[in-house]
Amino acid sequence: MAIVSAKEMLVKASQEKYAVGAFNITSVVQMGAIIEGAVAKNAPVIIQTSVTPARFLKPEVVVAVFKALANEVSIPVCLHLDHCTDVDFCKICADLGYTNIMFDGSHLDFEENIRRTREVSDYCHAIGGITVEGELGTVSGVEDQIKVASDDAQLCDPEKSFEFVERSGIDLFGPAIGTAHGIYQTENPVIDFKRLGEIYQMLNTPLVKTPLVVHGGTGLSEPTVRNLIQNGGSKYNVSTNLKYILMDSTHEYMTGHPKEYDPGKLDKHVKMETRKRIEYWIDLLGSEGKAL
Ligand SMILES: [Zn+2]
């Protein structure tokens, strides 16, 4: 059994200064590709669904496929619900077998964000084996149905972060530090590494208690990615990049084989392209060979 909570794998990553790839999926083919790529690299890995694909596929189906695939391998794997703004849906997914739940209350005022995040933390911790991620400040761009204009995105205050983490009971923290969901509108996005480092120090010295999450991981330069990890990011979210791989590899295959009505071959091509990309990310994040 390789299924673990996200916190379990991220404390180690945080201590050893690498990051675990957290990859968003919308299809079962992608889920298989992620696990195969992680096995090939002997790396821990997190599979994520945002709320719309989780509802579309049905969370029961996502959990069943995840468990079937995870039980065949020995690397640590985790199933994460990403950016959920609905406390009840968080609870449903926790009951069904998701091992990490993100309640996203970043659009709420500070007290209400704490109150609802705490409700999710208490619920998941009572079940056991499930950890919870919270977010403070806002990450610009579009993730699932949540749209934040870059002018409205607010960076996270380190003092408030400490209070938020203590009072909400979360296990993982996603501070807004200038990364964005979707595709970056500029070649050199302004990312506040210093702020990330300060928040890391406040929460995780002398011991790692609350690993930090980097949202909006697509489209950053390789030095930027390494810098984020050096400053304390240990869960690295990649969503948009995998959507592009899925769509582009499908289009490429269909264009090259217009008369071939064999969906199995298309799936195989998409799976191979996705797997190659997962292996690229694992190399960049430094998690190769880090499976326990
Ligand atoms: Zn995100």
# chains A, B, ... in the order shown; residues from 1 in each chain; ligands from 1
call {"tool": "residues_near_ligand", "arguments": {"ligand": "ligand 1", "cutoff": "8 Å", "atoms": "only C-alpha atoms and all ligand atoms", "output": "MDAnalysis selection string"}}
result
chainID A and resid 82:83 139 143 181 214:216 237
call {"tool": "write_last_selection", "arguments": {"atoms": "N, CA and C atoms", "output": "PDB file, in the first residue's frame"}}
result
ATOM      1  N   ASP A  82      -8.330  19.904  -5.038  1.00  0.00           N
ATOM      2  CA  ASP A  82      -7.685  21.208  -5.201  1.00  0.00           C
ATOM      3  C   ASP A  82      -8.713  22.344  -5.213  1.00  0.00           C
ATOM      4  N   HIS A  83      -8.406  23.418  -4.533  1.00  0.00           N
ATOM      5  CA  HIS A  83      -9.197  24.662  -4.579  1.00  0.00           C
ATOM      6  C   HIS A  83     -10.703  24.463  -4.398  1.00  0.00           C
ATOM      7  N   VAL A 139      -4.140  34.069  -5.404  1.00  0.00           N
ATOM      8  CA  VAL A 139      -3.282  33.782  -6.547  1.00  0.00           C
ATOM      9  C   VAL A 139      -4.063  34.233  -7.774  1.00  0.00           C
ATOM     10  N   GLU A 143      -8.381  29.252 -11.903  1.00  0.00           N
ATOM     11  CA  GLU A 143      -8.232  27.856 -11.529  1.00  0.00           C
ATOM     12  C   GLU A 143      -9.629  27.317 -11.323  1.00  0.00           C
ATOM     13  N   HIS A 181      -2.174  31.376 -11.615  1.00  0.00           N
ATOM     14  CA  HIS A 181      -2.759  30.223 -12.311  1.00  0.00           C
ATOM     15  C   HIS A 181      -2.848  30.522 -13.805  1.00  0.00           C
ATOM     16  N   VAL A 214       3.362  25.701  -3.604  1.00  0.00           N
ATOM     17  CA  VAL A 214       3.479  26.688  -4.680  1.00  0.00           C
ATOM     18  C   VAL A 214       2.337  26.451  -5.666  1.00  0.00           C
ATOM     19  N   HIS A 215       1.466  27.450  -5.797  1.00  0.00           N
ATOM     20  CA  HIS A 215       0.387  27.378  -6.792  1.00  0.00           C
ATOM     21  C   HIS A 215       0.851  28.043  -8.086  1.00  0.00           C
ATOM     22  N   GLY A 216       0.195  27.684  -9.193  1.00  0.00           N
ATOM     23  CA  GLY A 216       0.517  28.353 -10.461  1.00  0.00           C
ATOM     24  C   GLY A 216       1.901  28.002 -10.960  1.00  0.00           C
ATOM     25  N   ASN A 237       2.489  22.702  -7.610  1.00  0.00           N
ATOM     26  CA  ASN A 237       1.286  22.398  -8.390  1.00  0.00           C
ATOM     27  C   ASN A 237       1.472  22.676  -9.881  1.00  0.00           C
TER      28      ASN A 237
END
call {"tool": "residues_around", "arguments": {"residues": "A:Glu159", "least_positions_apart": "2", "cutoff": "10 Å", "atoms": "only C-alpha atoms", "output": "NGL selection string"}}
result
:A and (156-157 or 161-164 or 198-199 or 202)
call {"tool": "residues_around", "arguments": {"residues": "A:Gly256", "least_positions_apart": "6", "cutoff": "12 Å", "atoms": "only C-alpha atoms", "output": "PyMOL selection string"}}
result
chain A and resi 249-250+266+269
call {"tool": "residues_around", "arguments": {"residues": "A:Phe56", "least_positions_apart": "6", "cutoff": "12 Å", "atoms": "only C-alpha atoms", "output": "list in words"}}
result
Ile25, Thr26, Ser27, Thr49, Ser50 and Val62 of chain A
call {"tool": "closest_residue", "arguments": {"among": "A:Gly219, A:Ala22, A:Ile47, A:Gln201", "to": "A:Tyr184", "atoms": "only C-alpha atoms"}}
result
A:Gly219
